[in-house]
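Quick look at target.txt (compact mmCIF, C-alpha atoms):
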# COMPACT_ATOMS: atom_id res chain seq x y z
CA MET A 1 -3.67 96.16 -163.01
CA LYS A 2 -6.49 98.52 -163.85
CA ALA A 3 -5.64 99.65 -167.35
CA ALA A 4 -7.57 102.14 -169.44
CA ILE A 5 -7.13 102.07 -173.22
CA LEU A 6 -7.99 105.30 -175.01
CA VAL A 7 -10.09 104.96 -178.13
CA PHE A 8 -10.03 107.61 -180.86
CA PRO A 9 -11.75 107.43 -184.24
CA GLY A 10 -9.30 105.73 -186.60
CA ILE A 11 -7.42 103.81 -183.92
CA ASN A 12 -7.15 100.13 -184.89
CA ARG A 13 -4.78 98.43 -182.43
CA GLU A 14 -6.89 98.83 -179.28
CA ARG A 15 -8.18 95.22 -179.37
CA ASP A 16 -4.67 93.81 -179.76
CA MET A 17 -3.61 95.89 -176.78
CA ALA A 18 -6.63 94.81 -174.70
CA ARG A 19 -5.94 91.17 -175.52
CA ALA A 20 -2.27 91.43 -174.52
CA LEU A 21 -3.09 93.22 -171.25
CA LYS A 22 -5.80 90.70 -170.33
CA LEU A 23 -3.55 87.77 -171.21
CA ILE A 24 -0.65 88.97 -169.10
CA SER A 25 -2.28 90.78 -166.18
CA GLY A 26 -5.47 88.69 -165.95
CA HIS A 27 -7.56 91.87 -165.84
CA GLU A 28 -9.80 93.20 -168.59
CA PRO A 29 -8.83 96.78 -169.41
CA ALA A 30 -11.44 99.54 -169.72
CA MET A 31 -11.96 101.13 -173.13
CA VAL A 32 -12.22 104.91 -172.77
CA TRP A 33 -13.78 106.98 -175.56
CA HIS A 34 -11.91 110.15 -176.57
CA ALA A 35 -14.82 112.45 -175.65
CA GLU A 36 -14.71 111.40 -171.97
CA THR A 37 -13.44 114.03 -169.57
CA SER A 38 -12.24 111.64 -166.88
CA LEU A 39 -10.58 108.24 -166.50
CA PRO A 40 -12.23 105.31 -164.66
CA ALA A 41 -11.62 105.51 -160.89
CA GLY A 42 -8.53 103.60 -159.81
CA THR A 43 -6.89 103.54 -163.25
CA ASP A 44 -3.23 102.62 -162.77
CA LEU A 45 -2.15 102.43 -166.41
CA VAL A 46 -3.31 104.50 -169.39
CA VAL A 47 -2.55 103.07 -172.81
CA VAL A 48 -2.68 105.12 -176.00
CA PRO A 49 -2.81 102.45 -178.70
CA GLY A 50 -1.73 102.44 -182.33
CA GLY A 51 -3.66 103.09 -185.49
CA PHE A 52 -4.49 106.11 -187.57
CA SER A 53 -6.43 108.48 -185.34
CA TYR A 54 -8.39 110.96 -187.45
CA GLY A 55 -6.83 109.46 -190.57
CA ASP A 56 -3.49 111.11 -189.70
CA TYR A 57 -5.07 114.40 -190.83
CA LEU A 58 -3.03 117.58 -190.23
CA ARG A 59 -0.14 115.70 -188.55
CA CYS A 60 -0.09 112.17 -187.10
CA GLY A 61 -1.70 112.31 -183.66
CA ALA A 62 -2.28 116.07 -183.76
CA ILE A 63 -6.06 116.03 -183.48
CA ALA A 64 -6.27 113.14 -181.02
CA ALA A 65 -3.77 114.97 -178.79
CA ARG A 66 -6.33 117.77 -178.37
CA ALA A 67 -9.28 115.46 -177.53
CA PRO A 68 -11.12 116.06 -174.22
CA VAL A 69 -9.81 112.85 -172.63
CA MET A 70 -6.23 114.07 -173.02
CA ASP A 71 -6.74 116.73 -170.34
CA ALA A 72 -7.61 113.93 -167.93
CA VAL A 73 -4.52 112.01 -169.08
CA ARG A 74 -2.33 115.10 -168.52
CA ASP A 75 -3.67 115.46 -164.94
CA TYR A 76 -3.19 111.75 -164.32
CA ALA A 77 0.39 111.83 -165.67
CA ALA A 78 1.21 114.95 -163.64
CA LYS A 79 0.30 112.95 -160.51
CA GLY A 80 2.76 110.23 -161.55
CA GLY A 81 0.31 107.82 -163.23
CA LEU A 82 1.80 105.42 -165.77
CA VAL A 83 1.09 106.11 -169.45
CA LEU A 84 2.15 103.88 -172.35
CA GLY A 85 1.84 105.10 -175.95
CA VAL A 86 2.51 102.75 -178.84
CA CYS A 87 2.96 103.83 -182.48
CA ASN A 88 0.20 106.38 -183.14
CA GLY A 89 0.02 106.52 -179.34
CA PHE A 90 3.64 107.72 -179.25
CA GLN A 91 2.80 110.35 -181.87
CA ILE A 92 -0.22 111.46 -179.82
CA LEU A 93 1.89 111.75 -176.64
CA CYS A 94 4.46 113.91 -178.46
CA GLU A 95 1.74 116.11 -179.96
CA SER A 96 0.07 116.49 -176.56
CA GLY A 97 3.28 117.73 -174.96
CA LEU A 98 3.54 114.75 -172.61
CA LEU A 99 6.73 113.72 -174.38
CA PRO A 100 9.29 115.97 -176.10
CA GLY A 101 10.13 115.87 -179.80
CA VAL A 102 8.23 114.78 -182.85
CA LEU A 103 7.85 111.76 -185.15
CA MET A 104 8.72 112.69 -188.71
CA ARG A 105 8.22 110.87 -192.00
CA ASN A 106 10.52 107.82 -192.23
CA ALA A 107 13.85 108.92 -193.69
CA ARG A 108 13.51 106.59 -196.68
CA LEU A 109 9.84 107.59 -197.14
CA LYS A 110 8.50 104.02 -197.03
CA PHE A 111 5.86 102.62 -194.72
CA ILE A 112 7.74 99.98 -192.74
CA CYS A 113 5.87 96.86 -191.66
CA HIS A 114 8.07 94.02 -190.39
CA ASP A 115 9.81 92.70 -187.29
CA VAL A 116 12.68 94.71 -185.85
CA HIS A 117 15.14 94.16 -183.04
CA LEU A 118 15.26 96.49 -180.09
CA ARG A 119 17.92 96.87 -177.46
CA VAL A 120 16.51 97.41 -173.98
CA GLU A 121 18.77 100.10 -172.57
CA ARG A 122 18.00 99.68 -168.87
CA SER A 123 15.88 97.42 -166.72
CA ASP A 124 15.22 99.65 -163.70
CA THR A 125 12.01 101.29 -164.99
CA PRO A 126 8.37 100.15 -164.80
CA PHE A 127 8.42 99.83 -168.61
CA THR A 128 11.52 97.64 -168.85
CA ARG A 129 11.78 95.70 -165.58
CA GLY A 130 10.57 92.57 -167.37
CA TYR A 131 13.83 92.57 -169.34
CA ASN A 132 17.54 92.70 -168.63
CA ALA A 133 19.58 95.77 -169.54
CA GLY A 134 21.18 95.17 -172.93
CA GLN A 135 18.69 92.44 -173.83
CA VAL A 136 17.63 92.29 -177.49
CA ILE A 137 13.95 91.69 -178.22
CA ARG A 138 12.11 91.16 -181.51
CA VAL A 139 8.84 93.03 -182.07
CA PRO A 140 6.96 94.28 -185.14
CA VAL A 141 6.75 97.85 -186.40
CA ALA A 142 4.11 99.27 -188.74
CA HIS A 143 4.51 102.96 -189.41
CA GLY A 144 5.20 105.61 -192.04
CA GLU A 145 6.14 108.34 -189.59
CA GLY A 146 8.34 106.98 -186.84
CA ASN A 147 11.49 108.95 -187.36
CA TYR A 148 12.02 110.47 -183.91
CA GLU A 149 13.53 113.95 -183.95
CA ALA A 150 14.06 116.65 -181.36
CA ASP A 151 16.38 119.63 -181.01
CA GLU A 152 19.96 118.92 -180.04
CA GLU A 153 19.44 120.11 -176.48
CA THR A 154 16.50 117.72 -175.95
CA ILE A 155 18.37 114.73 -177.41
CA LYS A 156 21.33 115.52 -175.15
CA ARG A 157 19.02 115.65 -172.14
CA LEU A 158 17.27 112.37 -173.09
CA GLU A 159 20.61 110.61 -173.41
CA GLY A 160 22.14 112.23 -170.32
CA GLU A 161 19.18 111.29 -168.14
CA GLY A 162 18.96 107.73 -169.49
CA ARG A 163 15.51 108.32 -170.93
CA VAL A 164 16.00 106.33 -174.12
CA LEU A 165 14.64 102.91 -173.08
CA TYR A 166 14.45 101.16 -176.47
CA ARG A 167 16.72 101.52 -179.50
CA TYR A 168 16.64 99.90 -182.96
CA CYS A 169 19.50 97.44 -183.34
CA SER A 170 20.71 94.29 -185.11
CA ALA A 171 19.79 90.78 -183.92
CA ASP A 172 22.89 90.78 -181.76
CA GLY A 173 22.33 94.23 -180.30
CA VAL A 174 24.52 96.43 -182.49
CA VAL A 175 23.09 99.95 -182.84
CA ASP A 176 24.14 101.44 -186.18
CA GLU A 177 22.66 103.30 -189.15
CA ALA A 178 22.09 100.04 -191.07
CA HIS A 179 19.54 98.96 -188.43
CA ASN A 180 18.07 102.38 -187.80
CA ILE A 181 14.94 101.52 -189.80
CA ASN A 182 13.37 104.98 -189.99
CA GLY A 183 16.30 107.34 -189.54
CA ALA A 184 15.44 108.26 -185.94
CA ALA A 185 17.91 110.40 -184.00
CA HIS A 186 20.26 108.08 -182.09
CA SER A 187 18.18 105.07 -183.31
CA ILE A 188 15.53 105.99 -180.74
CA ALA A 189 12.56 103.60 -180.66
CA GLY A 190 11.16 104.53 -177.24
CA ILE A 191 11.63 107.29 -174.65
CA VAL A 192 10.23 108.29 -171.28
CA ASN A 193 9.34 111.73 -169.92
CA ASP A 194 11.47 113.46 -167.28
CA LYS A 195 9.60 111.81 -164.40
CA GLY A 196 9.88 108.38 -166.02
CA ASN A 197 6.14 107.61 -165.89
CA VAL A 198 5.22 108.20 -169.55
CA LEU A 199 6.68 105.93 -172.24
CA GLY A 200 6.23 106.37 -175.99
CA MET A 201 7.50 103.76 -178.45
CA MET A 202 6.97 103.10 -182.16
CA PRO A 203 7.15 99.24 -182.15
CA HIS A 204 4.22 97.03 -181.14
CA PRO A 205 5.12 94.79 -178.18
CA GLU A 206 1.42 93.82 -177.90
CA ASN A 207 1.75 91.89 -181.16
CA HIS A 208 4.40 89.51 -179.81
CA VAL A 209 2.82 88.06 -176.71
CA GLU A 210 1.51 84.62 -177.74
CA ASP A 211 3.18 81.56 -179.29
CA ILE A 212 0.76 81.71 -182.21
CA MET A 213 2.31 85.09 -183.12
CA GLY A 214 5.64 83.35 -183.60
CA CYS A 215 7.38 85.27 -180.83
CA THR A 216 6.65 86.30 -177.25
CA ASP A 217 9.35 88.93 -176.76
CA GLY A 218 6.74 91.65 -176.14
CA ARG A 219 5.45 89.98 -172.97
CA GLY A 220 8.26 91.35 -170.81
CA LEU A 221 7.00 94.91 -171.13
CA PHE A 222 3.50 94.06 -169.90
CA ALA A 223 4.70 91.52 -167.32
CA GLY A 224 7.07 94.16 -165.95
CA LEU A 225 4.27 96.73 -165.72
CA ALA A 226 1.98 94.20 -163.98
CA GLN A 227 4.75 93.37 -161.49
CA HIS A 228 5.45 97.01 -160.84
CA LEU A 229 1.78 97.76 -160.19
CA GLU A 230 1.33 94.72 -157.96
CA LYS A 231 4.29 95.80 -155.88
CA ALA A 232 2.95 99.35 -155.62
CA ALA A 233 -0.51 98.16 -154.56
CA MET B 1 -12.94 138.35 -193.33
CA LYS B 2 -10.62 135.91 -195.09
CA ALA B 3 -7.28 134.90 -193.71
CA ARG B 4 -4.44 132.58 -194.54
CA VAL B 5 -2.09 130.66 -192.26
CA THR B 6 1.01 129.27 -193.91
CA VAL B 7 2.93 126.57 -192.07
CA THR B 8 6.49 125.73 -193.13
CA LEU B 9 9.20 123.46 -191.77
CA LYS B 10 11.93 125.17 -189.80
CA THR B 11 15.34 125.47 -191.42
CA GLY B 12 17.47 122.41 -190.80
CA ILE B 13 14.54 120.02 -190.36
CA LEU B 14 14.87 117.17 -192.82
CA ASP B 15 11.95 117.16 -195.28
CA PRO B 16 11.86 113.82 -197.11
CA GLN B 17 8.60 114.75 -198.88
CA GLY B 18 10.15 117.93 -200.26
CA LYS B 19 13.20 115.92 -201.34
CA ALA B 20 10.97 113.41 -203.19
CA ILE B 21 9.14 116.24 -204.98
CA GLU B 22 12.46 117.85 -205.85
CA GLY B 23 13.61 114.53 -207.36
CA ALA B 24 10.37 114.20 -209.33
CA LEU B 25 10.71 117.71 -210.74
CA LYS B 26 14.26 116.93 -211.83
CA SER B 27 13.15 113.70 -213.50
CA LEU B 28 10.40 115.65 -215.32
CA GLY B 29 13.07 117.86 -216.76
CA VAL B 30 11.96 121.00 -214.92
CA ASP B 31 15.24 122.87 -214.92
CA GLY B 32 16.51 125.37 -212.42
CA VAL B 33 14.99 123.88 -209.27
CA ALA B 34 17.62 124.00 -206.54
CA SER B 35 15.51 122.58 -203.68
CA VAL B 36 11.91 122.05 -202.52
CA ARG B 37 10.45 122.29 -199.02
CA GLN B 38 6.83 121.26 -198.56
CA GLY B 39 4.47 123.19 -196.29
CA LYS B 40 0.76 123.68 -195.64
CA VAL B 41 -1.70 126.48 -196.34
CA PHE B 42 -4.93 127.00 -194.36
CA ASP B 43 -7.54 129.34 -195.80
CA ILE B 44 -9.72 130.50 -192.95
CA GLU B 45 -12.95 132.46 -192.96
CA LEU B 46 -13.24 134.62 -189.84
CA ALA B 47 -16.52 135.56 -188.20
CA GLY B 48 -15.65 139.07 -186.95
CA ALA B 49 -14.37 142.15 -188.74
CA ASP B 50 -11.78 143.36 -186.22
CA GLU B 51 -8.36 142.89 -187.79
CA ALA B 52 -6.30 143.04 -184.59
CA LYS B 53 -8.57 140.50 -182.96
CA ALA B 54 -8.44 138.31 -186.05
CA GLU B 55 -4.68 138.18 -185.90
CA ALA B 56 -4.80 137.05 -182.27
CA VAL B 57 -7.33 134.34 -183.15
CA LEU B 58 -5.17 133.07 -186.01
CA LYS B 59 -2.07 133.01 -183.82
CA GLU B 60 -3.96 131.05 -181.19
CA ALA B 61 -5.18 128.59 -183.84
CA ALA B 62 -1.65 128.13 -185.18
CA ASP B 63 -0.06 127.72 -181.75
CA LYS B 64 -2.71 125.35 -180.44
CA LEU B 65 -3.21 123.17 -183.49
CA LEU B 66 -2.22 124.18 -187.00
CA ALA B 67 1.55 124.15 -186.45
CA ASN B 68 3.80 121.95 -184.35
CA THR B 69 6.20 124.66 -183.25
CA VAL B 70 8.86 122.07 -182.42
CA ILE B 71 9.50 121.67 -186.14
CA GLU B 72 7.35 124.24 -187.92
CA ASN B 73 7.09 128.02 -188.32
CA TYR B 74 3.89 129.78 -189.32
CA ARG B 75 2.82 133.06 -190.86
CA VAL B 76 -0.63 134.59 -190.56
CA GLU B 77 -2.09 137.11 -192.99
CA ILE B 78 -5.43 138.76 -193.54
CA VAL B 79 -6.23 138.52 -197.25
Using structure tokens, write down the structure that the file contains.
Amino acid sequence: MKAAILVFPGINRERDMARALKLISGHEPAMVWHAETSLPAGTDLVVVPGGFSYGDYLRCGAIAARAPVMDAVRDYAAKGGLVLGVCNGFQILCESGLLPGVLMRNARLKFICHDVHLRVERSDTPFTRGYNAGQVIRVPVAHGEGNYEADEETIKRLEGEGRVLYRYCSADGVVDEAHNINGAAHSIAGIVNDKGNVLGMMPHPENHVEDIMGCTDGRGLFAGLAQHLEKAA
Amino acid sequence: MKARVTVTLKTGILDPQGKAIEGALKSLGVDGVASVRQGKVFDIELAGADEAKAEAVLKEAADKLLANTVIENYRVEIV
């Protein structure tokens, strides 16, 4: 795995992400500053980490989405390269047009910072092959604006094409409004683009990868990506 | 030349911030408020003096950055 983690001013989860990737893939990821106009040669995974790029000014992720490095990411994604956006990274991918829809203020207005359960909707993608379809995992969330919304047509397309990969649910996998922490349409926690190579998700799998964190449910996502890339190589 | 871009949420988009403000106004006893929607105003100083060109610049600014047209509408005006 030759991962590149994008770094914007105000991002604060890039070290957690680097640690998780190193731990699971054995390879140190490259840190790529937002003003760069290209990605390191041979990059096979771009990660847009969480945090508060540009202090969430204007709209979450709006300014980072227009940074010079994002043109390189768009080219890379257009060629089928894998992109993972977590939390603010998901917001940045939506703002950049790499993913449809938008992340609105949480329906109950509160910043939510605790563990949640996610149902993995399918296992036949690079981002979920480390899990079984229907498996429930526990990972933390930490966001004020994670309420995924899109127009009806887009939601219908996402559902019809099986592009919702992660959904908020109860500990035993029930998806309902009681467990839809931020009011997201269809309890959406993570989606992929139409080609299936760009994933955005609000929760932080990188924060549940070691025993000391109290849970290792996030490992499957990175292990799956590493497997996928090894197989492709 | 001075200009103003006003960005508002599209109809039908849930606006929890507007709802919270609406609730606060009601609790303050400000009567007659039916609903509140929150938006943004950008006051922009333009370098040129050509009004038609200015409008195009403002539209470009709004489309490229100031508004997320998935959920927001915008209005530009030369003031």
Problem set entry | Of the listed residues A:Leu221, A:Leu84, A:Val102, A:Ala178, that which approaches B:Val70 most closely, counting only C-alpha atoms | A:Val102
Could you give me, as a tab-separated table (two decimals) with C-alpha atoms, in the frame of the given file, the residues that sit within 10 Å of (-7.3, 103.7, -184.0) in the file's coordinates, counting only C-alpha atoms?
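Wrote point-v1.tsv, looks like this:
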chain	number	residue	atom	x	y	z
A	6	LEU	CA	-7.99	105.30	-175.01
A	7	VAL	CA	-10.09	104.96	-178.13
A	8	PHE	CA	-10.03	107.61	-180.86
A	9	PRO	CA	-11.75	107.43	-184.24
A	10	GLY	CA	-9.30	105.73	-186.60
A	11	ILE	CA	-7.42	103.81	-183.92
A	12	ASN	CA	-7.15	100.13	-184.89
A	13	ARG	CA	-4.78	98.43	-182.43
A	14	GLU	CA	-6.89	98.83	-179.28
A	15	ARG	CA	-8.18	95.22	-179.37
A	48	VAL	CA	-2.68	105.12	-176.00
A	49	PRO	CA	-2.81	102.45	-178.70
A	50	GLY	CA	-1.73	102.44	-182.33
A	51	GLY	CA	-3.66	103.09	-185.49
A	52	PHE	CA	-4.49	106.11	-187.57
A	53	SER	CA	-6.43	108.48	-185.34
A	54	TYR	CA	-8.39	110.96	-187.45
A	55	GLY	CA	-6.83	109.46	-190.57
A	64	ALA	CA	-6.27	113.14	-181.02
A	88	ASN	CA	0.20	106.38	-183.14
A	89	GLY	CA	0.02	106.52	-179.34
For this session: Tell me which protein, DNA and RNA residues are within 7 Å of stretch 150-155 of chain A, counting all atoms listed in the file, leaving out same-chain ones fewer than 3 positions away, and put them as a VMD selection string.
Result: chain A and resid 101 to 102 158 to 159
Can I get the selected residues back with C-alpha atoms, as a PDB file, in the frame of the given file?
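Wrote selection.pdb, looks like this:
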ATOM      1  CA  GLY A 101      10.130 115.870-179.800  1.00  0.00           C
ATOM      2  CA  VAL A 102       8.230 114.780-182.850  1.00  0.00           C
ATOM      3  CA  LEU A 158      17.270 112.370-173.090  1.00  0.00           C
ATOM      4  CA  GLU A 159      20.610 110.610-173.410  1.00  0.00           C
TER       5      GLU A 159
END
For this session: Show me which bits of chain A are within 9 Å of chain B, counting all atoms listed in the file, as a PyMOL selection string.
Result: chain A and resi 58-59+62-63+66+95+100-102+104-109+149-151
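Atom CA of A:Val86 is positioned 15.1 Å from atom CA of A:Ile112.
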For this session: Go through A:Leu118, A:Ala142, A:Ile191, A:Ala67 one by one, measure the shortest atom-to-atom distance of each to A:Asn207 using all atoms listed in the file, and give the residue with the smallest value.
Result: A:Ala142
For this session: Mind checking which residues fall within 7 Å of A:Asp115, counting only C-alpha atoms, ignoring those fewer than 5 positions away in the same chain, and posting them as an MDAnalysis selection string?
Result: chainID A and resid 138:141
Write a file of the selected residues as a CSV table (one decimal), in the coordinates of the input, keeping C-alpha atoms.
chain,number,residue,atom,x,y,z
A,138,ARG,CA,12.1,91.2,-181.5
A,139,VAL,CA,8.8,93.0,-182.1
A,140,PRO,CA,7.0,94.3,-185.1
A,141,VAL,CA,6.8,97.8,-186.4
Exercise. Need the neighbours of (10.9, 125.8, -189.9): which residues are at most 9 Å away, counting all atoms listed in the file, as a ChimeraX atom specification?
Worked result: /B:7-13,69-74
Problem set entry | Separation of atom CA of A:Asp172 from atom CA of A:Gly190 in Å | 18.6 Å
Problem set entry | Atom-to-atom span, atom CA of A:Gly146 and atom CA of A:Asn180, Å | 10.8 Å
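Around A:Asn197, within 8 Å and counting all atoms listed in the file, the residues found are A:Ala77, A:Gly80, A:Gly81, A:Leu82, A:Val83, A:Pro126, once anything fewer than 6 positions away on its own chain is removed.
Each of A:Val175, A:His114, A:Leu99, A:Gly218 was checked against A:Gly134 using all atoms listed in the file; the smallest atom-to-atom distance is that of A:Val175.
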Where atoms are missing, can you supply N, CA and C atoms for stretch 187-209 of chain A and output the lot as a PDB file, in the frame of the given file?
ATOM      1  N   SER A 187      18.909 106.351-183.195  1.00  0.00           N
ATOM      2  CA  SER A 187      18.180 105.070-183.310  1.00  0.00           C
ATOM      3  C   SER A 187      17.104 104.909-182.233  1.00  0.00           C
ATOM      4  N   ILE A 188      16.506 106.018-181.831  1.00  0.00           N
ATOM      5  CA  ILE A 188      15.530 105.990-180.740  1.00  0.00           C
ATOM      6  C   ILE A 188      14.221 105.307-181.165  1.00  0.00           C
ATOM      7  N   ALA A 189      13.835 104.281-180.414  1.00  0.00           N
ATOM      8  CA  ALA A 189      12.560 103.600-180.660  1.00  0.00           C
ATOM      9  C   ALA A 189      11.556 103.913-179.557  1.00  0.00           C
ATOM     10  N   GLY A 190      12.065 104.234-178.354  1.00  0.00           N
ATOM     11  CA  GLY A 190      11.160 104.530-177.240  1.00  0.00           C
ATOM     12  C   GLY A 190      11.833 105.383-176.182  1.00  0.00           C
ATOM     13  N   ILE A 191      11.085 106.392-175.671  1.00  0.00           N
ATOM     14  CA  ILE A 191      11.630 107.290-174.650  1.00  0.00           C
ATOM     15  C   ILE A 191      10.612 107.483-173.513  1.00  0.00           C
ATOM     16  N   VAL A 192      11.111 107.914-172.379  1.00  0.00           N
ATOM     17  CA  VAL A 192      10.230 108.290-171.280  1.00  0.00           C
ATOM     18  C   VAL A 192      10.335 109.794-171.003  1.00  0.00           C
ATOM     19  N   ASN A 193       9.341 110.318-170.305  1.00  0.00           N
ATOM     20  CA  ASN A 193       9.340 111.730-169.920  1.00  0.00           C
ATOM     21  C   ASN A 193      10.321 111.934-168.765  1.00  0.00           C
ATOM     22  N   ASP A 194      10.461 113.180-168.314  1.00  0.00           N
ATOM     23  CA  ASP A 194      11.470 113.460-167.280  1.00  0.00           C
ATOM     24  C   ASP A 194      11.182 112.768-165.954  1.00  0.00           C
ATOM     25  N   LYS A 195       9.911 112.504-165.663  1.00  0.00           N
ATOM     26  CA  LYS A 195       9.600 111.810-164.400  1.00  0.00           C
ATOM     27  C   LYS A 195       9.629 110.284-164.552  1.00  0.00           C
ATOM     28  N   GLY A 196       9.761 109.816-165.789  1.00  0.00           N
ATOM     29  CA  GLY A 196       9.880 108.380-166.020  1.00  0.00           C
ATOM     30  C   GLY A 196       8.563 107.611-165.964  1.00  0.00           C
ATOM     31  N   ASN A 197       7.425 108.312-165.987  1.00  0.00           N
ATOM     32  CA  ASN A 197       6.140 107.610-165.890  1.00  0.00           C
ATOM     33  C   ASN A 197       5.357 107.580-167.201  1.00  0.00           C
ATOM     34  N   VAL A 198       5.899 108.204-168.243  1.00  0.00           N
ATOM     35  CA  VAL A 198       5.220 108.200-169.550  1.00  0.00           C
ATOM     36  C   VAL A 198       6.190 107.655-170.599  1.00  0.00           C
ATOM     37  N   LEU A 199       5.834 106.520-171.194  1.00  0.00           N
ATOM     38  CA  LEU A 199       6.680 105.930-172.240  1.00  0.00           C
ATOM     39  C   LEU A 199       5.986 106.030-173.591  1.00  0.00           C
ATOM     40  N   GLY A 200       6.717 106.432-174.610  1.00  0.00           N
ATOM     41  CA  GLY A 200       6.230 106.370-175.990  1.00  0.00           C
ATOM     42  C   GLY A 200       7.186 105.509-176.778  1.00  0.00           C
ATOM     43  N   MET A 201       6.647 104.590-177.598  1.00  0.00           N
ATOM     44  CA  MET A 201       7.500 103.760-178.450  1.00  0.00           C
ATOM     45  C   MET A 201       6.803 103.468-179.769  1.00  0.00           C
ATOM     46  N   MET A 202       7.563 103.386-180.853  1.00  0.00           N
ATOM     47  CA  MET A 202       6.970 103.100-182.160  1.00  0.00           C
ATOM     48  C   MET A 202       6.622 101.614-182.329  1.00  0.00           C
ATOM     49  N   PRO A 203       7.465 100.664-181.924  1.00  0.00           N
ATOM     50  CA  PRO A 203       7.150  99.240-182.150  1.00  0.00           C
ATOM     51  C   PRO A 203       5.944  98.760-181.332  1.00  0.00           C
ATOM     52  N   HIS A 204       5.450  97.587-181.728  1.00  0.00           N
ATOM     53  CA  HIS A 204       4.220  97.030-181.140  1.00  0.00           C
ATOM     54  C   HIS A 204       4.513  95.794-180.275  1.00  0.00           C
ATOM     55  N   PRO A 205       4.867  95.965-179.013  1.00  0.00           N
ATOM     56  CA  PRO A 205       5.120  94.790-178.180  1.00  0.00           C
ATOM     57  C   PRO A 205       3.860  93.930-177.999  1.00  0.00           C
ATOM     58  N   GLU A 206       2.678  94.560-178.105  1.00  0.00           N
ATOM     59  CA  GLU A 206       1.420  93.820-177.900  1.00  0.00           C
ATOM     60  C   GLU A 206       1.168  92.783-178.987  1.00  0.00           C
ATOM     61  N   ASN A 207       1.932  92.861-180.074  1.00  0.00           N
ATOM     62  CA  ASN A 207       1.750  91.890-181.160  1.00  0.00           C
ATOM     63  C   ASN A 207       2.728  90.719-181.102  1.00  0.00           C
ATOM     64  N   HIS A 208       3.534  90.669-180.037  1.00  0.00           N
ATOM     65  CA  HIS A 208       4.400  89.510-179.810  1.00  0.00           C
ATOM     66  C   HIS A 208       4.253  89.020-178.382  1.00  0.00           C
ATOM     67  N   VAL A 209       3.052  88.503-178.088  1.00  0.00           N
ATOM     68  CA  VAL A 209       2.820  88.060-176.710  1.00  0.00           C
ATOM     69  C   VAL A 209       2.307  86.622-176.613  1.00  0.00           C
TER      70      VAL A 209
END
